[in-house]
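A.B. asks: What follows is final09.txt, made up of compact mmCIF, C-alpha atoms:
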# COMPACT_ATOMS: atom_id res chain seq x y z
CA MET A 18 51.88 161.41 170.53
CA PHE A 19 48.09 161.69 170.43
CA PRO A 20 46.04 158.50 170.84
CA GLY A 21 44.98 158.58 167.21
CA GLN A 22 48.56 159.01 166.08
CA TRP A 23 49.68 156.17 168.35
CA HIS A 24 47.03 153.87 166.87
CA PHE A 25 48.03 154.82 163.32
CA GLY A 26 51.66 154.18 164.18
CA LEU A 27 50.89 150.67 165.38
CA LEU A 28 48.97 149.93 162.19
CA LEU A 29 51.84 151.22 160.08
CA MET A 30 54.39 149.13 161.97
CA ALA A 31 52.21 146.04 161.60
CA ALA A 32 51.86 146.65 157.87
CA LEU A 33 55.60 147.05 157.45
CA ALA A 34 56.25 143.89 159.43
CA ALA A 35 53.76 141.82 157.42
CA PRO A 36 55.20 139.71 154.59
CA VAL A 37 54.86 141.38 151.21
CA ALA A 38 52.87 139.34 148.69
CA ALA A 39 54.89 138.20 145.69
CA GLN A 40 54.31 140.23 142.55
CA CYS A 41 54.25 139.00 138.97
CA THR A 42 57.07 140.89 137.28
CA ARG A 43 57.72 138.44 134.45
CA VAL A 44 55.88 135.41 133.05
CA VAL A 45 58.09 132.41 132.38
CA PHE A 46 56.18 129.88 130.30
CA SER A 47 56.90 126.62 128.56
CA ALA A 48 55.16 123.91 126.54
CA ASN A 49 55.47 120.43 125.16
CA PRO A 50 58.75 120.62 123.18
CA ASP A 51 57.48 118.11 120.61
CA TYR A 52 54.09 119.45 119.52
CA PRO A 53 54.25 121.40 116.25
CA PRO A 54 52.78 123.56 114.85
CA TYR A 55 51.53 124.72 118.26
CA HIS A 56 54.97 124.68 119.89
CA TRP A 57 58.30 122.89 119.58
CA ALA A 58 61.90 123.12 120.73
CA GLU A 59 64.38 124.82 118.45
CA GLY A 60 67.76 124.65 120.12
CA ASP A 61 67.24 126.00 123.64
CA ARG A 62 64.08 127.91 122.67
CA ILE A 63 60.40 127.09 122.50
CA VAL A 64 58.79 128.47 119.33
CA GLY A 65 55.53 128.08 117.41
CA ALA A 66 51.97 129.35 117.36
CA SER A 67 51.51 129.20 121.14
CA VAL A 68 54.59 131.33 121.73
CA ALA A 69 53.56 133.87 119.08
CA LEU A 70 50.04 134.20 120.52
CA THR A 71 51.08 134.31 124.18
CA GLY A 72 53.91 136.73 123.53
CA ARG A 73 51.60 139.08 121.68
CA ILE A 74 49.03 138.97 124.49
CA LEU A 75 51.60 139.64 127.23
CA ASP A 76 53.17 142.44 125.18
CA GLU A 77 49.74 144.10 124.94
CA MET A 78 49.39 143.78 128.71
CA GLY A 79 52.83 145.31 129.28
CA VAL A 80 54.12 142.15 130.99
CA ARG A 81 57.65 140.89 130.41
CA TRP A 82 57.91 137.24 129.39
CA GLU A 83 60.24 134.38 128.53
CA ALA A 84 59.44 131.22 126.58
CA ARG A 85 61.73 128.66 128.21
CA PHE A 86 62.74 125.17 127.13
CA VAL A 87 62.86 123.05 130.29
CA GLY A 88 63.01 119.51 128.90
CA PRO A 89 60.62 116.69 127.98
CA TRP A 90 56.87 117.15 128.41
CA PRO A 91 56.55 115.39 131.80
CA ARG A 92 59.27 117.68 133.17
CA VAL A 93 57.38 120.75 131.90
CA LEU A 94 54.30 119.66 133.84
CA LYS A 95 56.32 118.99 137.00
CA SER A 96 57.99 122.40 136.68
CA ALA A 97 54.56 124.03 136.70
CA GLU A 98 53.38 121.86 139.59
CA TYR A 99 56.35 122.96 141.70
CA GLY A 100 56.03 126.61 140.66
CA GLU A 101 59.34 126.67 138.79
CA ILE A 102 57.56 128.16 135.75
CA ASP A 103 54.50 130.40 135.77
CA LEU A 104 52.49 129.15 132.83
CA VAL A 105 52.06 126.14 130.56
CA VAL A 106 50.61 127.18 127.21
CA SER A 107 48.12 125.28 125.07
CA LEU A 108 47.37 122.01 126.80
CA LYS A 109 44.25 119.99 127.54
CA PRO A 110 42.62 120.61 130.94
CA THR A 111 42.19 117.45 133.01
CA PRO A 112 41.13 116.94 136.63
CA GLU A 113 44.68 115.82 137.45
CA ARG A 114 46.21 118.97 135.98
CA GLU A 115 43.61 121.28 137.51
CA VAL A 116 45.03 120.41 140.93
CA TYR A 117 48.10 122.53 140.17
CA LEU A 118 47.06 124.60 137.11
CA ASP A 119 44.46 127.37 136.89
CA PHE A 120 43.14 127.09 133.33
CA THR A 121 41.72 129.80 131.12
CA ARG A 122 38.09 129.23 130.19
CA SER A 123 38.76 130.35 126.59
CA PRO A 124 40.89 128.03 124.46
CA SER A 125 44.06 129.08 122.72
CA PHE A 126 43.53 126.80 119.69
CA PRO A 127 41.41 123.91 118.44
CA ASN A 128 43.26 120.62 118.84
CA PRO A 129 41.33 117.60 117.53
CA MET A 130 42.74 114.24 118.61
CA ALA A 131 43.31 111.53 116.01
CA LEU A 132 44.57 108.01 115.55
CA PHE A 133 47.34 107.38 113.02
CA ALA A 134 47.91 104.00 111.39
CA ALA A 135 50.19 102.56 108.72
CA ARG A 136 48.55 102.57 105.29
CA ALA A 137 49.84 99.03 104.74
CA ARG A 138 48.04 97.85 107.91
CA PRO A 139 44.57 99.46 107.88
CA LEU A 140 42.88 99.84 111.25
CA LYS A 141 39.15 99.97 111.86
CA PHE A 142 38.13 102.68 114.32
CA ASP A 143 34.48 103.40 115.00
CA GLY A 144 35.07 103.79 118.74
CA PRO A 145 37.55 102.95 121.51
CA ASP A 146 36.30 99.34 121.70
CA ASP A 147 37.98 98.70 118.35
CA LEU A 148 41.37 99.37 119.97
CA VAL A 149 41.07 96.67 122.63
CA GLY A 150 43.80 94.08 122.08
CA LYS A 151 45.81 96.46 119.87
CA ARG A 152 49.12 98.08 120.80
CA GLY A 153 49.13 101.87 120.75
CA GLY A 154 51.67 104.59 121.27
CA ARG A 155 51.45 108.04 122.84
CA SER A 156 53.82 110.72 124.06
CA ALA A 157 54.35 110.57 127.81
CA GLY A 158 52.16 113.09 129.60
CA ASP A 159 49.64 113.50 126.76
CA ARG A 160 45.90 113.41 127.49
CA PHE A 161 43.06 113.04 125.00
CA GLY A 162 39.84 113.84 126.87
CA ASP A 163 38.29 112.39 130.00
CA ASP A 164 36.22 109.67 128.29
CA PHE A 165 39.05 108.31 126.16
CA ASP A 166 41.59 108.59 128.99
CA ARG A 167 39.38 106.65 131.41
CA PHE A 168 38.75 103.94 128.82
CA ALA A 169 42.45 103.74 127.97
CA GLU A 170 43.42 103.40 131.62
CA THR A 171 41.50 100.17 132.05
CA HIS A 172 41.12 98.66 128.58
CA LEU A 173 43.92 99.76 126.23
CA THR A 174 47.60 99.04 125.88
CA LEU A 175 49.43 102.34 125.31
CA GLU A 176 53.21 102.58 125.33
CA ASP A 177 54.64 105.92 126.46
CA VAL A 178 57.72 107.47 124.86
CA ASP A 179 59.26 110.94 125.06
CA SER A 180 59.04 111.68 121.34
CA LEU A 181 56.34 111.51 118.69
CA GLU A 182 59.09 110.74 116.18
CA VAL A 183 59.90 107.54 118.10
CA ASN A 184 56.21 106.58 118.08
CA PHE A 185 55.89 106.97 114.33
CA ASN A 186 59.09 104.99 113.75
CA LYS A 187 57.68 102.19 115.90
CA LEU A 188 54.43 102.34 113.92
CA ALA A 189 56.26 102.20 110.58
CA ALA A 190 58.25 99.19 111.81
CA GLY A 191 55.09 97.34 112.89
CA ARG A 192 55.97 97.38 116.59
CA ILE A 193 52.69 99.13 117.45
CA ASP A 194 49.33 99.28 115.68
CA TYR A 195 48.46 102.97 116.07
CA VAL A 196 49.59 106.30 117.49
CA VAL A 197 47.19 108.68 119.23
CA THR A 198 48.08 112.38 119.12
CA GLY A 199 46.83 115.74 117.90
CA LEU A 200 45.72 115.76 114.27
CA TYR A 201 47.76 118.84 113.28
CA THR A 202 50.79 117.74 115.27
CA GLY A 203 50.80 114.25 113.80
CA ARG A 204 50.55 115.57 110.27
CA ALA A 205 53.35 118.07 110.91
CA HIS A 206 55.68 115.33 112.16
CA LEU A 207 54.90 113.02 109.26
CA MET A 208 55.55 115.83 106.81
CA ARG A 209 58.98 116.51 108.29
CA ALA A 210 59.93 112.83 108.45
CA GLY A 211 58.77 112.12 104.89
CA GLN A 212 56.36 109.46 106.19
CA SER A 213 53.06 110.90 104.96
CA GLU A 214 52.81 108.26 102.24
CA ARG A 215 53.23 105.44 104.75
CA ILE A 216 51.22 106.70 107.75
CA ALA A 217 47.93 108.61 107.80
CA PRO A 218 45.26 109.74 110.27
CA LEU A 219 42.09 107.68 110.43
CA PRO A 220 38.90 109.40 109.21
CA ARG A 221 37.12 109.22 112.57
CA LEU A 222 38.56 111.54 115.23
CA VAL A 223 39.04 110.60 118.87
CA ASN A 224 37.44 113.95 119.75
CA GLU A 225 37.07 117.55 118.61
CA GLY A 226 39.32 119.00 121.27
CA PHE A 227 40.58 122.39 122.37
CA ILE A 228 43.66 123.40 124.30
CA HIS A 229 43.91 126.08 126.98
CA HIS A 230 46.52 127.99 128.96
CA GLY A 231 47.22 126.86 132.53
CA PHE A 232 48.85 129.09 135.15
CA SER A 233 50.73 127.41 137.98
CA ARG A 234 48.72 127.82 141.19
CA ARG A 235 52.04 128.44 142.97
CA SER A 236 52.88 131.41 140.75
CA PRO A 237 52.03 135.04 141.55
CA CYS A 238 51.32 135.38 137.82
CA ALA A 239 48.19 133.25 138.25
CA SER A 240 46.53 136.61 138.99
CA LEU A 241 46.72 137.28 135.22
CA VAL A 242 44.45 134.38 134.26
CA THR A 243 41.30 136.48 133.82
CA ALA A 244 43.03 139.12 131.69
CA VAL A 245 44.75 136.48 129.53
CA ASP A 246 41.45 134.61 129.18
CA ALA A 247 39.74 137.70 127.77
CA ARG A 248 42.51 138.21 125.22
CA LEU A 249 42.45 134.56 124.15
CA ALA A 250 38.71 134.90 123.50
CA ALA A 251 39.35 138.03 121.43
CA ALA A 252 42.07 136.21 119.44
CA GLN A 253 39.55 133.48 118.57
CA ARG A 254 36.88 135.97 117.48
CA SER A 255 39.25 138.01 115.34
CA GLY A 256 40.80 135.00 113.63
CA LEU A 257 44.25 135.88 115.00
CA ALA A 258 44.75 132.46 116.58
CA ALA A 259 43.94 130.68 113.31
CA ARG A 260 46.33 132.93 111.36
CA LEU A 261 49.17 132.34 113.82
CA LEU A 262 48.62 128.58 113.57
CA GLU A 263 48.95 128.73 109.78
CA GLU A 264 52.07 130.89 110.07
CA ALA A 265 53.59 128.41 112.53
CA LEU A 266 52.95 125.54 110.12
CA LEU A 267 54.87 127.44 107.42
CA GLN A 268 57.64 128.13 109.95
CA TRP A 269 57.81 124.41 110.70
CA GLN A 270 57.95 123.59 106.96
CA ARG A 271 60.78 126.07 106.43
CA SER A 272 62.80 124.64 109.31
CA ALA A 273 62.24 121.14 107.91
CA ALA A 274 63.49 122.28 104.49
CA LYS A 275 66.65 123.63 106.15
CA GLY A 276 67.22 120.31 107.85
CA ALA A 277 66.67 121.70 111.33
CA ARG A 278 65.83 119.28 114.12
CA PRO A 279 63.13 120.04 116.71
How does the structure come out when it is put into structure tokens?
C.D. replies:
Amino acid sequence: MFPGQWHFGLLLMAALAAPVAAQCTRVVFSANPDYPPYHWAEGDRIVGASVALTGRILDEMGVRWEARFVGPWPRVLKSAEYGEIDLVVSLKPTPEREVYLDFTRSPSFPNPMALFAARARPLKFDGPDDLVGKRGGRSAGDRFGDDFDRFAETHLTLEDVDSLEVNFNKLAAGRIDYVVTGLYTGRAHLMRAGQSERIAPLPRLVNEGFIHHGFSRRSPCASLVTAVDARLAAAQRSGLAARLLEEALLQWQRSAAKGARP
């Protein structure tokens, strides 16, 4: 063997012995199972606007995918943190989540945050200070923006539950004074429960928020974040995201009319 051939042979053997980097062959994603019209659980599936948008994007990219129901919202986040799923769709970026999620810069959807109160017990809300001394409810794992979250951590009383339905029932019964959640999601839940006449969002929003996709930093599919980001931006410009959100709201209304449970 010539010296050059011998050197090439060593390089080839070293390359073959080196561990092969994991490849993204399929994107398994999940979401909050209690957050219509963006996404919700229907049996053992996750459905809604986020699934429709993400599925369309991955189909265009030629990437196989699965929208998987993995359990309550905190479990979804832990599954992403441990690399058991590749992607969490449509959630609010926070410093805590950025430790284990690589977020798209472009949002998937607008998601303004709102306070909901019982019509029979009006609540003044010009700013977070008005909530001091009140009892609030939120879904475990939800975040509402850095400023509000920091204020809530030190000044507010917020009770965590696994279901927005439980929160609204507590509000209707007078056990809490308000619920903080997404404006569209809160309205969708009230519509299904027939509580829209008793509970309503307050005029002043907590914030004008947006939600983004977050790839697990432990997933080989995190390499897709730039390509997915570009397609999310295109979906915003074309109006596709807004159309899919309206279609998901109709889907939610139809399932409510059939008596389906999320």
A.B. asks: Calculate how many Å separate CA of Ala205 (chain A) from CA of Leu249 (chain A), rounding to one decimal.
C.D. replies: 23.8 Å
A.B. asks: Kindly assemble as a Markdown table a list of the region 238-261 of chain A residues that lie within 8 Å of region 208-232 of chain A, each paired with its nearest atom pair and their distance in Å to one decimal, using all atoms listed in the file, sorted first by chain and then by ascending residue number.
C.D. replies:
| residue | atom | partner | partner_atom | distance |
| --- | --- | --- | --- | --- |
| A:Cys238 | CA | A:Phe232 | CA | 7.3 |
| A:Ala239 | CA | A:Phe232 | CA | 5.2 |
| A:Val242 | CA | A:Phe232 | CA | 6.9 |
A.B. asks: Compare A:Glu77, A:Glu83, A:Asp51, A:Asp246 by their minimum atom-to-atom distance to Asp159 (chain A), counting only C-alpha atoms, and give me the closest one.
C.D. replies: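 Residue with the minimum atom-to-atom distance to Asp159 (chain A): A:Asp51.
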A.B. asks: When distances are computed from all atoms listed in the file, which of A:Phe165, A:Phe46, A:Phe133, A:Phe142 shows the smallest separation from Ile193 (chain A)?
C.D. replies: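 Using all atoms listed in the file, Ile193 (chain A) sits closest to A:Phe133.
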A.B. asks: For Gly153 (chain A), please output as JSON, numbers by chain all residues within 8 Å (counting all atoms listed in the file; exclusion window: fewer than 3 positions along the same chain).
C.D. replies: {"A": [173, 174, 175, 176, 193, 194, 195, 196, 197]}
A.B. asks: Just to confirm, what's the straight-line distance from CA of Thr111 (chain A) to CA of Ser47 (chain A) in Å (one decimal)?
C.D. replies: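 Between CA of Thr111 (chain A) and CA of Ser47 (chain A) the gap is 17.9 Å.
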A.B. asks: Would you work out the distance separating CA of Glu115 (chain A) from CA of Arg92 (chain A), expressed in Å to one decimal?
C.D. replies: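 Separation of CA of Glu115 (chain A) and CA of Arg92 (chain A): 16.6 Å.
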A.B. asks: If we count only C-alpha atoms and set the cut-off at 12 Å, which residues sit around Leu257 (chain A), ignoring sequence neighbours fewer than 3 positions away in its own chain? Please answer as number ranges by chain.
C.D. replies: A: 66-67, 69-71, 73-74, 125-126, 248-254, 260-264
A.B. asks: Nearest residue to Ala265 (chain A) out of A:Ser233, A:Asn128, A:Thr121, A:Thr202, using only C-alpha atoms?
C.D. replies: A:Thr202
A.B. asks: Closest to Leu132 (chain A) among A:Cys41, A:Ala157, A:Leu188, A:Ala244, using only C-alpha atoms?
C.D. replies: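 Answer, going by the shortest atom-to-atom distance: A:Leu188.
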A.B. asks: Considering all atoms listed in the file, can you say which of A:Arg167, A:Pro91, A:Arg155, A:Gly72 comes closest to Pro112 (chain A)?
C.D. replies: A:Arg167
A.B. asks: Would you list the contacts of Asn49 (chain A) as a VMD selection string, taking every protein, DNA or RNA residue within 9 Å and counting all atoms listed in the file, but skipping same-chain residues closer than 4 positions in sequence?
C.D. replies: chain A and resid 56 to 58 63 86 88 to 91 93 to 94 105 to 108
A.B. asks: Between A:Phe185, A:Thr171, A:Arg62, A:Arg43, which is the closest to Met78 (chain A) once you count all atoms listed in the file?
C.D. replies: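 That would be A:Arg43, the residue with the smallest distance to Met78 (chain A).
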A.B. asks: Put region 103-170 of chain A into a file with C-alpha atoms, as a CSV table (one decimal), in the first residue's frame.
C.D. replies:
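Listing of result37.csv after writing:
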chain,number,residue,atom,x,y,z
A,103,ASP,CA,-39.0,16.9,19.3
A,104,LEU,CA,-41.2,19.9,19.3
A,105,VAL,CA,-43.7,21.8,21.3
A,106,VAL,CA,-45.9,23.9,19.1
A,107,SER,CA,-47.3,27.4,19.9
A,108,LEU,CA,-46.2,28.4,23.3
A,109,LYS,CA,-44.8,31.6,24.9
A,110,PRO,CA,-41.0,31.8,25.0
A,111,THR,CA,-39.6,32.4,28.5
A,112,PRO,CA,-36.1,32.3,29.9
A,113,GLU,CA,-36.9,29.1,31.8
A,114,ARG,CA,-38.1,27.4,28.7
A,115,GLU,CA,-35.3,28.6,26.5
A,116,VAL,CA,-32.9,26.5,28.6
A,117,TYR,CA,-34.3,23.4,26.9
A,118,LEU,CA,-36.2,24.7,23.9
A,119,ASP,CA,-34.9,26.4,20.8
A,120,PHE,CA,-37.6,28.8,19.7
A,121,THR,CA,-38.5,30.1,16.3
A,122,ARG,CA,-38.1,33.9,15.9
A,123,SER,CA,-41.4,34.1,13.9
A,124,PRO,CA,-44.6,33.4,15.8
A,125,SER,CA,-47.1,30.8,14.9
A,126,PHE,CA,-50.1,32.9,16.0
A,127,PRO,CA,-51.1,36.0,18.0
A,128,ASN,CA,-52.1,35.0,21.6
A,129,PRO,CA,-53.2,38.0,23.7
A,130,MET,CA,-53.5,37.3,27.4
A,131,ALA,CA,-56.7,38.3,29.3
A,132,LEU,CA,-58.3,38.2,32.6
A,133,PHE,CA,-61.8,36.7,33.0
A,134,ALA,CA,-64.2,37.6,35.8
A,135,ALA,CA,-67.7,36.7,36.7
A,136,ARG,CA,-70.2,39.3,35.4
A,137,ALA,CA,-72.0,39.2,38.8
A,138,ARG,CA,-68.7,40.2,40.5
A,139,PRO,CA,-67.1,42.9,38.4
A,140,LEU,CA,-63.3,43.3,38.8
A,141,LYS,CA,-61.3,46.5,38.2
A,142,PHE,CA,-58.1,45.9,36.2
A,143,ASP,CA,-56.0,48.8,35.1
A,144,GLY,CA,-52.8,47.0,35.9
A,145,PRO,CA,-51.4,44.1,38.0
A,146,ASP,CA,-51.5,46.1,41.2
A,147,ASP,CA,-55.3,45.8,41.1
A,148,LEU,CA,-55.0,42.1,41.5
A,149,VAL,CA,-53.0,42.2,44.8
A,150,GLY,CA,-55.1,40.6,47.5
A,151,LYS,CA,-57.4,38.8,45.0
A,152,ARG,CA,-57.4,35.1,44.3
A,153,GLY,CA,-56.6,34.1,40.7
A,154,GLY,CA,-56.5,30.9,38.8
A,155,ARG,CA,-54.3,29.7,36.0
A,156,SER,CA,-53.5,26.4,34.2
A,157,ALA,CA,-50.4,24.8,35.6
A,158,GLY,CA,-47.4,25.5,33.3
A,159,ASP,CA,-48.9,28.6,31.7
A,160,ARG,CA,-46.9,31.8,31.3
A,161,PHE,CA,-48.1,35.3,30.5
A,162,GLY,CA,-45.1,37.4,29.7
A,163,ASP,CA,-42.0,38.2,31.7
A,164,ASP,CA,-43.3,41.4,33.4
A,165,PHE,CA,-46.6,39.8,34.5
A,166,ASP,CA,-44.9,36.6,35.6
A,167,ARG,CA,-42.4,38.3,37.7
A,168,PHE,CA,-45.0,40.4,39.4
A,169,ALA,CA,-47.2,37.4,40.0
A,170,GLU,CA,-44.4,35.4,41.5
